[in-house]
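Trainee: This is upload25.txt, which holds compact mmCIF, C-alpha atoms and all ligand atoms:
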# COMPACT_ATOMS: atom_id res chain seq x y z
CA MET N 1015 44.24 -228.75 83.79
CA ILE N 1016 43.32 -228.97 80.14
CA ILE N 1017 45.56 -227.13 77.69
CA GLN N 1018 44.36 -226.52 74.16
CA LEU N 1019 46.46 -225.07 71.33
CA ARG N 1020 44.53 -222.49 69.27
CA GLY N 1021 47.40 -220.91 67.29
CA VAL N 1022 50.95 -222.24 66.89
CA ARG N 1023 52.50 -220.27 64.03
CA GLY N 1024 55.24 -217.72 64.74
CA SER N 1025 55.62 -214.18 63.47
CA LEU N 1026 52.83 -214.05 60.87
CA PRO N 1027 49.54 -215.83 60.09
CA THR N 1028 50.34 -218.41 57.43
CA PRO N 1029 47.48 -219.86 55.40
CA MET N 1030 48.49 -222.88 53.33
CA GLY N 1031 49.19 -221.99 49.71
CA ASN N 1032 47.87 -223.94 46.73
CA ARG N 1033 51.29 -225.30 45.80
CA GLU N 1034 51.69 -226.94 49.21
CA TYR N 1035 48.07 -228.11 49.25
CA ARG N 1036 48.40 -229.81 45.86
CA ALA N 1037 51.73 -231.44 46.76
CA LYS N 1038 50.12 -232.79 49.93
CA LEU N 1039 47.09 -233.98 47.99
CA ALA N 1040 49.28 -235.78 45.43
CA SER N 1041 51.25 -237.46 48.19
CA ILE N 1042 48.08 -238.61 50.02
CA LEU N 1043 46.50 -239.95 46.81
CA SER N 1044 49.60 -241.88 45.79
CA ARG N 1045 49.64 -243.49 49.25
CA ALA N 1046 45.95 -244.34 48.81
CA VAL N 1047 46.74 -246.05 45.51
CA GLU N 1048 49.60 -247.99 47.13
CA ALA N 1049 47.33 -248.97 50.03
CA GLY N 1050 44.70 -250.18 47.57
CA ILE N 1051 41.85 -248.13 49.05
CA LYS N 1052 38.70 -249.37 47.33
CA SER N 1053 35.78 -248.00 49.34
CA ALA N 1054 34.69 -244.92 51.28
CA ALA N 1055 34.46 -247.08 54.42
CA GLU N 1056 38.28 -247.47 54.41
CA ILE N 1057 39.03 -243.75 54.21
CA GLY N 1058 38.82 -242.89 57.94
CA ALA N 1059 41.34 -245.56 58.99
CA PHE N 1060 43.60 -244.66 56.05
CA ILE N 1061 43.67 -240.99 57.08
CA ASP N 1062 44.35 -241.92 60.72
CA ALA N 1063 47.40 -243.95 59.61
CA LEU N 1064 48.96 -241.10 57.59
CA PRO N 1065 52.07 -239.32 58.90
CA GLU N 1066 51.14 -236.19 60.87
CA ASP N 1067 52.06 -233.72 58.11
CA LEU N 1068 49.65 -235.44 55.70
CA GLY N 1069 46.87 -236.33 58.13
CA TYR N 1070 46.77 -232.78 59.52
CA ASN N 1071 47.84 -229.19 58.97
CA TYR N 1072 50.05 -227.94 61.77
CA GLY N 1073 48.16 -224.66 61.38
CA GLY N 1074 48.59 -221.07 60.26
CA ASP N 1075 47.07 -219.02 63.10
CA THR N 1076 49.45 -217.19 65.42
CA THR N 1077 49.86 -217.85 69.13
CA CYS N 1078 46.85 -218.48 71.32
CA VAL N 1079 46.45 -221.17 73.99
CA THR N 1080 43.73 -221.90 76.53
CA VAL N 1081 44.11 -223.42 79.98
CA THR N 1082 41.00 -224.83 81.63
CA SER N 1083 41.23 -225.51 85.34
CA ARG N 1084 39.66 -228.40 87.22
CA SER N 1085 36.75 -226.12 88.17
CA GLY N 1086 36.03 -225.54 84.46
CA ARG N 1087 37.23 -221.92 84.32
CA THR N 1088 39.16 -221.06 81.14
CA TYR N 1089 42.21 -218.78 80.87
CA VAL N 1090 43.59 -217.47 77.57
CA LEU N 1091 47.28 -217.05 76.77
CA ASP N 1092 48.06 -214.47 74.08
CA CYS N 1093 45.80 -212.95 71.47
CA GLY N 1094 47.35 -214.08 68.19
CA THR N 1095 44.97 -214.83 65.34
CA GLY N 1096 44.07 -218.15 66.98
CA ILE N 1097 41.84 -216.14 69.33
CA ARG N 1098 39.43 -215.30 66.48
CA PRO N 1099 37.99 -218.84 66.09
CA LEU N 1100 38.07 -219.18 69.90
CA GLY N 1101 35.89 -216.05 70.12
CA ASP N 1102 33.48 -217.53 67.56
CA GLU N 1103 33.16 -220.60 69.81
CA MET N 1104 32.71 -218.48 72.94
CA VAL N 1105 29.82 -216.40 71.59
CA SER N 1106 27.65 -219.51 71.43
CA GLY N 1107 27.82 -219.53 75.28
CA PRO N 1108 27.53 -216.82 77.97
CA TRP N 1109 29.90 -214.51 76.07
CA GLY N 1110 27.34 -214.19 73.29
CA VAL N 1111 24.84 -212.56 75.66
CA GLY N 1112 27.24 -210.43 77.70
CA ARG N 1113 27.57 -212.75 80.69
CA GLY N 1114 31.09 -214.06 80.18
CA ALA N 1115 34.24 -213.38 82.20
CA VAL N 1116 37.73 -214.44 81.19
CA ASP N 1117 41.33 -213.81 82.23
CA ILE N 1118 43.87 -213.22 79.44
CA PHE N 1119 47.65 -213.45 79.92
CA ILE N 1120 49.95 -211.60 77.51
CA THR N 1121 53.56 -212.70 76.98
CA HIS N 1122 54.47 -209.55 75.00
CA THR N 1123 52.93 -207.31 72.39
CA HIS N 1124 54.61 -208.24 69.11
CA TRP N 1125 51.89 -208.30 66.47
CA ASP N 1126 51.65 -212.07 66.24
CA HIS N 1127 50.59 -212.15 69.92
CA ILE N 1128 47.94 -209.39 69.89
CA GLN N 1129 46.71 -209.14 66.32
CA GLY N 1130 43.69 -211.39 66.84
CA LEU N 1131 42.25 -209.15 69.57
CA PRO N 1132 40.42 -206.71 67.21
CA PHE N 1133 38.68 -209.76 65.65
CA PHE N 1134 37.69 -211.35 68.98
CA LYS N 1135 33.89 -211.02 69.04
CA PRO N 1136 33.33 -211.30 72.84
CA LEU N 1137 35.35 -208.07 73.26
CA TYR N 1138 32.58 -206.06 71.62
CA ILE N 1139 29.65 -207.39 73.65
CA PRO N 1140 28.59 -205.20 76.61
CA GLY N 1141 28.48 -207.09 79.91
CA ASN N 1142 31.46 -209.33 79.13
CA ASP N 1143 34.29 -208.93 81.57
CA PHE N 1144 37.99 -209.22 80.70
CA THR N 1145 41.01 -209.14 82.97
CA PHE N 1146 44.35 -208.81 81.20
CA TYR N 1147 47.49 -209.92 83.05
CA SER N 1148 51.01 -208.92 82.01
CA PRO N 1149 54.19 -207.31 83.33
CA TYR N 1150 53.58 -204.27 81.05
CA PRO N 1151 52.10 -201.23 82.87
CA ASP N 1152 51.08 -199.64 79.54
CA LEU N 1153 49.31 -202.72 78.10
CA ALA N 1154 45.97 -200.88 77.62
CA ASP N 1155 47.76 -198.18 75.66
CA ARG N 1156 49.53 -200.78 73.48
CA PHE N 1157 46.17 -202.40 72.65
CA ALA N 1158 44.70 -198.97 71.89
CA ARG N 1159 47.56 -198.11 69.55
CA GLN N 1160 47.11 -201.20 67.37
CA MET N 1161 43.43 -200.22 66.96
CA GLU N 1162 43.96 -196.52 66.13
CA PHE N 1163 41.66 -195.37 63.36
CA THR N 1164 44.53 -195.32 60.83
CA PHE N 1165 44.87 -199.09 61.23
CA PHE N 1166 41.46 -200.35 62.36
CA PRO N 1167 37.92 -198.92 62.24
CA ALA N 1168 36.87 -199.64 65.88
CA PRO N 1169 38.93 -198.09 68.70
CA PHE N 1170 39.86 -200.38 71.63
CA ASP N 1171 38.29 -198.11 74.28
CA LYS N 1172 34.93 -198.12 72.44
CA THR N 1173 34.59 -201.91 72.41
CA GLY N 1174 31.61 -202.72 74.65
CA SER N 1175 33.08 -205.10 77.25
CA THR N 1176 34.56 -204.20 80.64
CA LYS N 1177 38.34 -204.47 80.91
CA ARG N 1178 40.72 -204.56 83.83
CA PHE N 1179 44.50 -204.71 83.74
CA VAL N 1180 46.59 -206.51 86.34
CA HIS N 1181 50.33 -205.90 86.56
CA MET N 1182 52.40 -209.00 87.30
CA ASN N 1183 55.82 -209.03 88.89
CA PRO N 1184 58.14 -211.82 87.75
CA GLU N 1185 58.29 -214.83 90.06
CA GLU N 1186 55.49 -213.53 92.33
CA PRO N 1187 52.79 -216.22 92.11
CA LEU N 1188 49.14 -215.17 91.85
CA GLU N 1189 46.41 -217.46 93.08
CA LEU N 1190 43.77 -217.44 90.33
CA GLU N 1191 41.38 -219.76 92.14
CA GLU N 1192 41.69 -222.36 94.87
CA GLY N 1193 44.52 -224.72 93.90
CA LEU N 1194 45.58 -222.85 90.74
CA THR N 1195 48.50 -220.40 90.69
CA VAL N 1196 50.37 -218.62 87.92
CA ASP N 1197 53.68 -216.80 87.84
CA CYS N 1198 55.87 -215.38 85.09
CA TYR N 1199 59.55 -215.16 84.23
CA PRO N 1200 61.34 -212.62 81.95
CA LEU N 1201 62.83 -213.98 78.71
CA LYS N 1202 65.48 -212.86 76.28
CA HIS N 1203 63.54 -211.46 73.31
CA PRO N 1204 63.64 -208.09 71.48
CA GLY N 1205 61.42 -205.78 73.58
CA GLY N 1206 61.04 -208.50 76.23
CA SER N 1207 58.64 -211.39 76.71
CA VAL N 1208 57.66 -213.56 79.66
CA ALA N 1209 57.05 -217.24 80.24
CA TYR N 1210 53.99 -218.22 82.30
CA ARG N 1211 53.86 -221.18 84.64
CA PHE N 1212 50.50 -222.59 85.71
CA ARG N 1213 50.47 -224.92 88.66
CA GLU N 1214 47.40 -226.89 89.70
CA GLY N 1215 47.88 -229.48 92.44
CA ASP N 1216 51.11 -231.26 91.50
CA LYS N 1217 50.81 -230.52 87.77
CA ILE N 1218 52.85 -227.82 86.00
CA PHE N 1219 52.31 -226.28 82.58
CA ILE N 1220 54.96 -223.85 81.26
CA PHE N 1221 54.21 -221.63 78.28
CA CYS N 1222 57.52 -220.26 77.03
CA THR N 1223 57.27 -218.67 73.61
CA ASP N 1224 59.34 -215.94 72.00
CA CYS N 1225 62.58 -216.56 73.84
CA GLU N 1226 66.11 -216.96 72.64
CA PHE N 1227 67.88 -219.78 74.39
CA THR N 1228 71.34 -220.70 73.25
CA GLY N 1229 73.80 -223.16 74.78
CA GLU N 1230 75.00 -220.36 77.07
CA THR N 1231 71.67 -218.88 78.18
CA MET N 1232 70.25 -222.35 78.74
CA GLU N 1233 73.07 -222.97 81.23
CA SER N 1234 72.48 -219.71 83.09
CA PHE N 1235 68.68 -220.10 83.18
CA GLY N 1236 69.02 -223.69 84.30
CA THR N 1237 71.40 -222.68 87.08
CA HIS N 1238 69.74 -219.51 88.32
CA SER N 1239 66.08 -220.30 88.20
CA ALA N 1240 64.01 -223.23 89.27
CA PHE N 1241 61.16 -221.68 87.31
CA PHE N 1242 61.62 -224.01 84.34
CA LEU N 1243 62.12 -227.26 86.22
CA ASP N 1244 59.87 -230.33 86.27
CA ALA N 1245 57.08 -229.24 83.91
CA ASP N 1246 54.52 -231.88 83.00
CA LEU N 1247 54.02 -229.94 79.77
CA LEU N 1248 56.51 -227.44 78.33
CA LEU N 1249 55.35 -225.47 75.30
CA LEU N 1250 58.58 -223.98 74.00
CA ASP N 1251 59.64 -221.67 71.17
CA SER N 1252 61.61 -223.64 68.57
CA GLN N 1253 61.22 -221.47 65.51
CA TYR N 1254 64.54 -222.21 63.83
CA THR N 1255 66.89 -224.95 62.81
CA LEU N 1256 70.28 -224.77 64.54
CA ASP N 1257 71.97 -223.35 61.39
CA GLU N 1258 69.30 -220.70 61.03
CA SER N 1259 69.63 -219.72 64.68
CA PHE N 1260 73.33 -218.88 64.11
CA ASN N 1261 72.36 -216.60 61.19
CA LYS N 1262 69.54 -215.07 63.21
CA PHE N 1263 71.41 -214.48 66.44
CA ASP N 1264 69.57 -211.91 68.60
CA TRP N 1265 66.29 -212.32 66.67
CA GLY N 1266 64.76 -213.69 69.85
CA HIS N 1267 63.96 -217.32 69.02
CA THR N 1268 65.34 -220.76 69.85
CA SER N 1269 66.40 -223.63 67.60
CA TYR N 1270 64.63 -226.94 68.06
CA THR N 1271 67.95 -228.57 68.94
CA VAL N 1272 68.50 -226.21 71.87
CA ALA N 1273 64.81 -226.51 72.81
CA VAL N 1274 65.34 -230.27 73.22
CA ASN N 1275 68.50 -229.62 75.28
CA CYS N 1276 66.56 -227.20 77.49
CA ALA N 1277 63.71 -229.66 78.04
CA ILE N 1278 66.14 -232.45 78.98
CA ARG N 1279 68.04 -230.19 81.38
CA TRP N 1280 64.82 -228.89 82.93
CA ARG N 1281 63.43 -232.43 83.33
CA ALA N 1282 60.25 -231.69 81.35
CA LYS N 1283 58.03 -234.73 80.96
CA ARG N 1284 56.59 -233.58 77.66
CA LEU N 1285 57.97 -231.00 75.24
CA VAL N 1286 55.80 -229.38 72.58
CA LEU N 1287 57.71 -227.41 69.93
CA THR N 1288 55.87 -224.26 68.86
CA HIS N 1289 56.03 -220.81 67.21
CA HIS N 1290 56.63 -222.45 63.84
CA GLU N 1291 58.56 -220.43 61.26
CA PRO N 1292 56.07 -219.04 58.68
CA SER N 1293 58.22 -220.14 55.74
CA TYR N 1294 58.21 -223.81 56.85
CA SER N 1295 55.82 -226.21 55.14
CA ASP N 1296 54.12 -229.05 57.01
CA ALA N 1297 56.62 -231.46 55.41
CA LYS N 1298 59.50 -229.41 56.81
CA LEU N 1299 57.87 -229.33 60.27
CA ARG N 1300 57.53 -233.12 60.15
CA GLU N 1301 61.27 -233.37 59.33
CA ILE N 1302 62.03 -231.11 62.28
CA HIS N 1303 59.94 -233.31 64.57
CA LEU N 1304 61.80 -236.45 63.49
CA ASP N 1305 65.15 -234.70 63.81
CA ALA N 1306 64.27 -233.43 67.29
CA LEU N 1307 63.42 -237.02 68.33
CA ASN N 1308 66.74 -238.23 66.87
CA HIS N 1309 68.60 -235.52 68.73
CA ARG N 1310 66.99 -236.57 72.03
CA ASN N 1311 67.88 -240.20 71.33
CA GLU N 1312 71.47 -239.24 70.49
CA MET N 1313 71.61 -237.55 73.91
CA ARG N 1314 70.74 -241.04 75.24
CA CYS N 1315 67.48 -239.84 76.78
CA ASP N 1316 64.05 -241.38 76.47
CA SER N 1317 62.37 -238.36 78.03
CA PRO N 1318 60.80 -235.90 77.35
CA GLU N 1319 58.15 -237.02 74.95
CA ILE N 1320 58.43 -234.58 72.03
CA LEU N 1321 55.50 -233.34 69.93
CA MET N 1322 55.02 -230.65 67.30
CA ALA N 1323 52.42 -228.06 68.26
CA ARG N 1324 49.38 -228.39 66.06
CA GLU N 1325 46.21 -226.32 66.07
CA GLY N 1326 43.46 -228.03 68.04
CA MET N 1327 45.79 -230.24 70.10
CA VAL N 1328 44.49 -230.91 73.60
CA PHE N 1329 46.51 -232.00 76.64
CA GLN N 1330 45.10 -233.15 79.93
CA LEU N 1331 47.38 -232.88 82.97
ZN ZN N 1401 55.95 -214.38 68.26
ZN ZN N 1402 57.97 -211.77 69.70
Go through the file and emit its structure as structure tokens.
Ligand SMILES: [Zn+2]
Ligand SMILES: [Zn+2]

Mentor:
Amino acid sequence: MIIQLRGVRGSLPTPMGNREYRAKLASILSRAVEAGIKSAAEIGAFIDALPEDLGYNYGGDTTCVTVTSRSGRTYVLDCGTGIRPLGDEMVSGPWGVGRGAVDIFITHTHWDHIQGLPFFKPLYIPGNDFTFYSPYPDLADRFARQMEFTFFPAPFDKTGSTKRFVHMNPEEPLELEEGLTVDCYPLKHPGGSVAYRFREGDKIFIFCTDCEFTGETMESFGTHSAFFLDADLLLLDSQYTLDESFNKFDWGHTSYTVAVNCAIRWRAKRLVLTHHEPSYSDAKLREIHLDALNHRNEMRCDSPEILMAREGMVFQL
């Protein structure tokens, strides 16, 4: 399985502002002066050695992830604004000439998880075939509502592709192709959300965004469901700091501290923190990453590996 992150920002698309860009630029240039960079040939290695928040942008597009199976078939998780550049990539292949087919899994229909769909080019090309999976029987109607003429010029039911909707029941695995299954699990989030678990051979990927785990709910989930256990890769909501999560109780998101606790309890091999708070700069996200690593070390654990979700990241399981 190959998992690629296409959008990692929570709540709202967040392009980098000029103030942050210039601060980042100043910081990079002062490091270049300190490092004594003298020629263009040294630039590549210098950039590669920068801390992650300077060498990269974590990214401003909202949630979208792809899973590619061993057979080469690709599955899409959520239609946040990260699906727009994915669609631009897809139209250079079979989807550009109406010969593409793809399965799309929806965790829930808050805007940040569906707002890229109207800008997803393959949707408009006749001959393309989409199957949408979710636990929501009215998913087609929800998509149609966000594209009503008051809000968007092209109605959902007039887009050229063929669409099918498959209703999923929690914890009932579906076999997507030989050796690849998926199931879902309901999460605590305003209006509901589900986690998806992909299993191929002995590898497990869990996509668990928009969920509010606290010390208490982590205990009950850990006790009552094996769903979350033993993931090779766990992509988990960690929108807030612990302090913020107390002020935003019932807002439906998890602090990074509790996310680390969850991953330890669930024996995840690798934890990727995602659904980044829109008001957090890259520097703040870097601080959070370091603090999450410290927290894991204070718990006297050397596992899971902990990473910050970043647009374009690729994982091979
Ligand atoms: Zn969200
Ligand atoms: Zn949500």

Trainee: Taking all atoms listed in the file into account, report as a list in words which residues have an atom no farther than 8 Å from an atom of ligand ZN 1401 (chain N).

Mentor: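 Checked against 8 Å with all atoms listed in the file; the hits are Gly1024, Ser1025, Thr1076, Thr1077, His1124, Trp1125, Asp1126, His1127, Thr1223, Asp1224 and His1289 of chain N.
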
Trainee: Would you pick out the contacts of segment 1028-1034 of chain N at 6 Å or less, using only C-alpha atoms, so that residues sharing its chain but fewer than 2 positions from it are not included, and give the list as a list in words?

Mentor: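 Close residues of segment 1028-1034 of chain N: Arg1036, Ala1037, Gly1074 and Pro1292 of chain N.
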
Trainee: So which residues touch Phe1212 of chain N within 12 Å, counting all atoms listed in the file, skipping near sequence neighbours fewer than 3 positions away, as JSON, numbers by chain?

Mentor: {"N": [1015, 1016, 1017, 1080, 1081, 1082, 1083, 1089, 1090, 1091, 1119, 1185, 1187, 1188, 1189, 1190, 1191, 1193, 1194, 1195, 1196, 1197, 1198, 1199, 1209, 1215, 1216, 1217, 1218, 1219, 1220, 1221, 1222, 1241, 1242, 1245, 1246, 1247, 1248, 1249, 1331]}

Trainee: For Ser1148 of chain N, find every residue with an atom within 8 Å (counting all atoms listed in the file), except residues of its own chain fewer than 4 positions away, and show them as a list in words.

Mentor: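 Using all atoms listed in the file, the neighbours found are Phe1119, Ile1120, Thr1121, His1122, Leu1153, Phe1179, Val1180, His1181 and Met1182 of chain N.
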
Trainee: Output the selection as a PDB file, in the coordinates of the input - C-alpha atoms for each residue.

Mentor:
ATOM      1  CA  PHE N1119      47.650-213.450  79.920  1.00  0.00           C
ATOM      2  CA  ILE N1120      49.950-211.600  77.510  1.00  0.00           C
ATOM      3  CA  THR N1121      53.560-212.700  76.980  1.00  0.00           C
ATOM      4  CA  HIS N1122      54.470-209.550  75.000  1.00  0.00           C
ATOM      5  CA  LEU N1153      49.310-202.720  78.100  1.00  0.00           C
ATOM      6  CA  PHE N1179      44.500-204.710  83.740  1.00  0.00           C
ATOM      7  CA  VAL N1180      46.590-206.510  86.340  1.00  0.00           C
ATOM      8  CA  HIS N1181      50.330-205.900  86.560  1.00  0.00           C
ATOM      9  CA  MET N1182      52.400-209.000  87.300  1.00  0.00           C
TER      10      MET N1182
END

Trainee: Applying 10 Å and all atoms listed in the file, which residues near Asp1264 of chain N remain after dropping the ones on its own chain fewer than 3 positions away? List them as number ranges by chain.

Mentor: N: 1202-1204, 1225-1227, 1259-1261, 1267-1268

Trainee: Given the selection you just returned, output its residues as a file containing C-alpha atoms, formatted as a PDB file, in the frame of the given file.

Mentor:
ATOM      1  CA  LYS N1202      65.480-212.860  76.280  1.00  0.00           C
ATOM      2  CA  HIS N1203      63.540-211.460  73.310  1.00  0.00           C
ATOM      3  CA  PRO N1204      63.640-208.090  71.480  1.00  0.00           C
ATOM      4  CA  CYS N1225      62.580-216.560  73.840  1.00  0.00           C
ATOM      5  CA  GLU N1226      66.110-216.960  72.640  1.00  0.00           C
ATOM      6  CA  PHE N1227      67.880-219.780  74.390  1.00  0.00           C
ATOM      7  CA  SER N1259      69.630-219.720  64.680  1.00  0.00           C
ATOM      8  CA  PHE N1260      73.330-218.880  64.110  1.00  0.00           C
ATOM      9  CA  ASN N1261      72.360-216.600  61.190  1.00  0.00           C
ATOM     10  CA  HIS N1267      63.960-217.320  69.020  1.00  0.00           C
ATOM     11  CA  THR N1268      65.340-220.760  69.850  1.00  0.00           C
TER      12      THR N1268
END

Trainee: So how far away is atom CA of Cys1078 of chain N from atom CA of Ile1097 of chain N, in Å?

Mentor: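 The value is 5.9 Å.
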
Trainee: Which polymer residues, whether protein, DNA or RNA, lie within 12 Å of the coordinate (51.0, -234.0, 48.8) when you count all atoms listed in the file? List them as a list of chain:residue names, using the chain letters and numbers from the file.

Mentor: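 Selection result: N:Asn1032, N:Arg1033, N:Glu1034, N:Tyr1035, N:Arg1036, N:Ala1037, N:Lys1038, N:Leu1039, N:Ala1040, N:Ser1041, N:Ile1042, N:Leu1043, N:Ser1044, N:Arg1045, N:Ala1046, N:Leu1064, N:Pro1065, N:Asp1067, N:Leu1068, N:Gly1069, N:Tyr1070, N:Asn1071, N:Ser1295, N:Asp1296, N:Ala1297.
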
Trainee: Counting only C-alpha atoms, select every polymer residue within 8 Å of (51.6, -227.0, 66.1) as defined in the file's coordinates, and provide the selection as a ChimeraX atom specification.

Mentor: /N:1019,1021-1023,1072-1073,1287-1290,1322-1325,1327

Trainee: Quick one: of N:Glu1301, N:Asp1251, N:Glu1186, N:Asp1155, who's nearest to ligand ZN 1402 (chain N), counting all atoms listed in the file?

Mentor: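 The shortest atom-to-atom distance to ligand ZN 1402 (chain N) comes from N:Asp1251.
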
Trainee: I'd like the interatomic distance between atom CA of Trp1109 of chain N and atom CA of Glu1214 of chain N, to a tenth of an Å.

Mentor: 25.4 Å

Trainee: Give the padded box for segment 1252-1265 of chain N as lines of an AutoDock Vina configuration file: axis-aligned, covering all atoms listed in the file, 6 Å on each side, centre and edge lengths in Å to one decimal.

Mentor:
center_x = 67.3
center_y = -218.4
center_z = 64.8
size_x = 24.1
size_y = 25.0
size_z = 19.6

Trainee: Please provide as a PyMOL selection string all residues within 10 Å of Tyr1270 of chain N, with the sequence filter that same-chain residues fewer than 3 positions apart are discarded (counting all atoms listed in the file).

Mentor: chain N and resi 1250-1256+1259+1267+1273-1276+1287-1288+1302-1303+1305-1306+1309
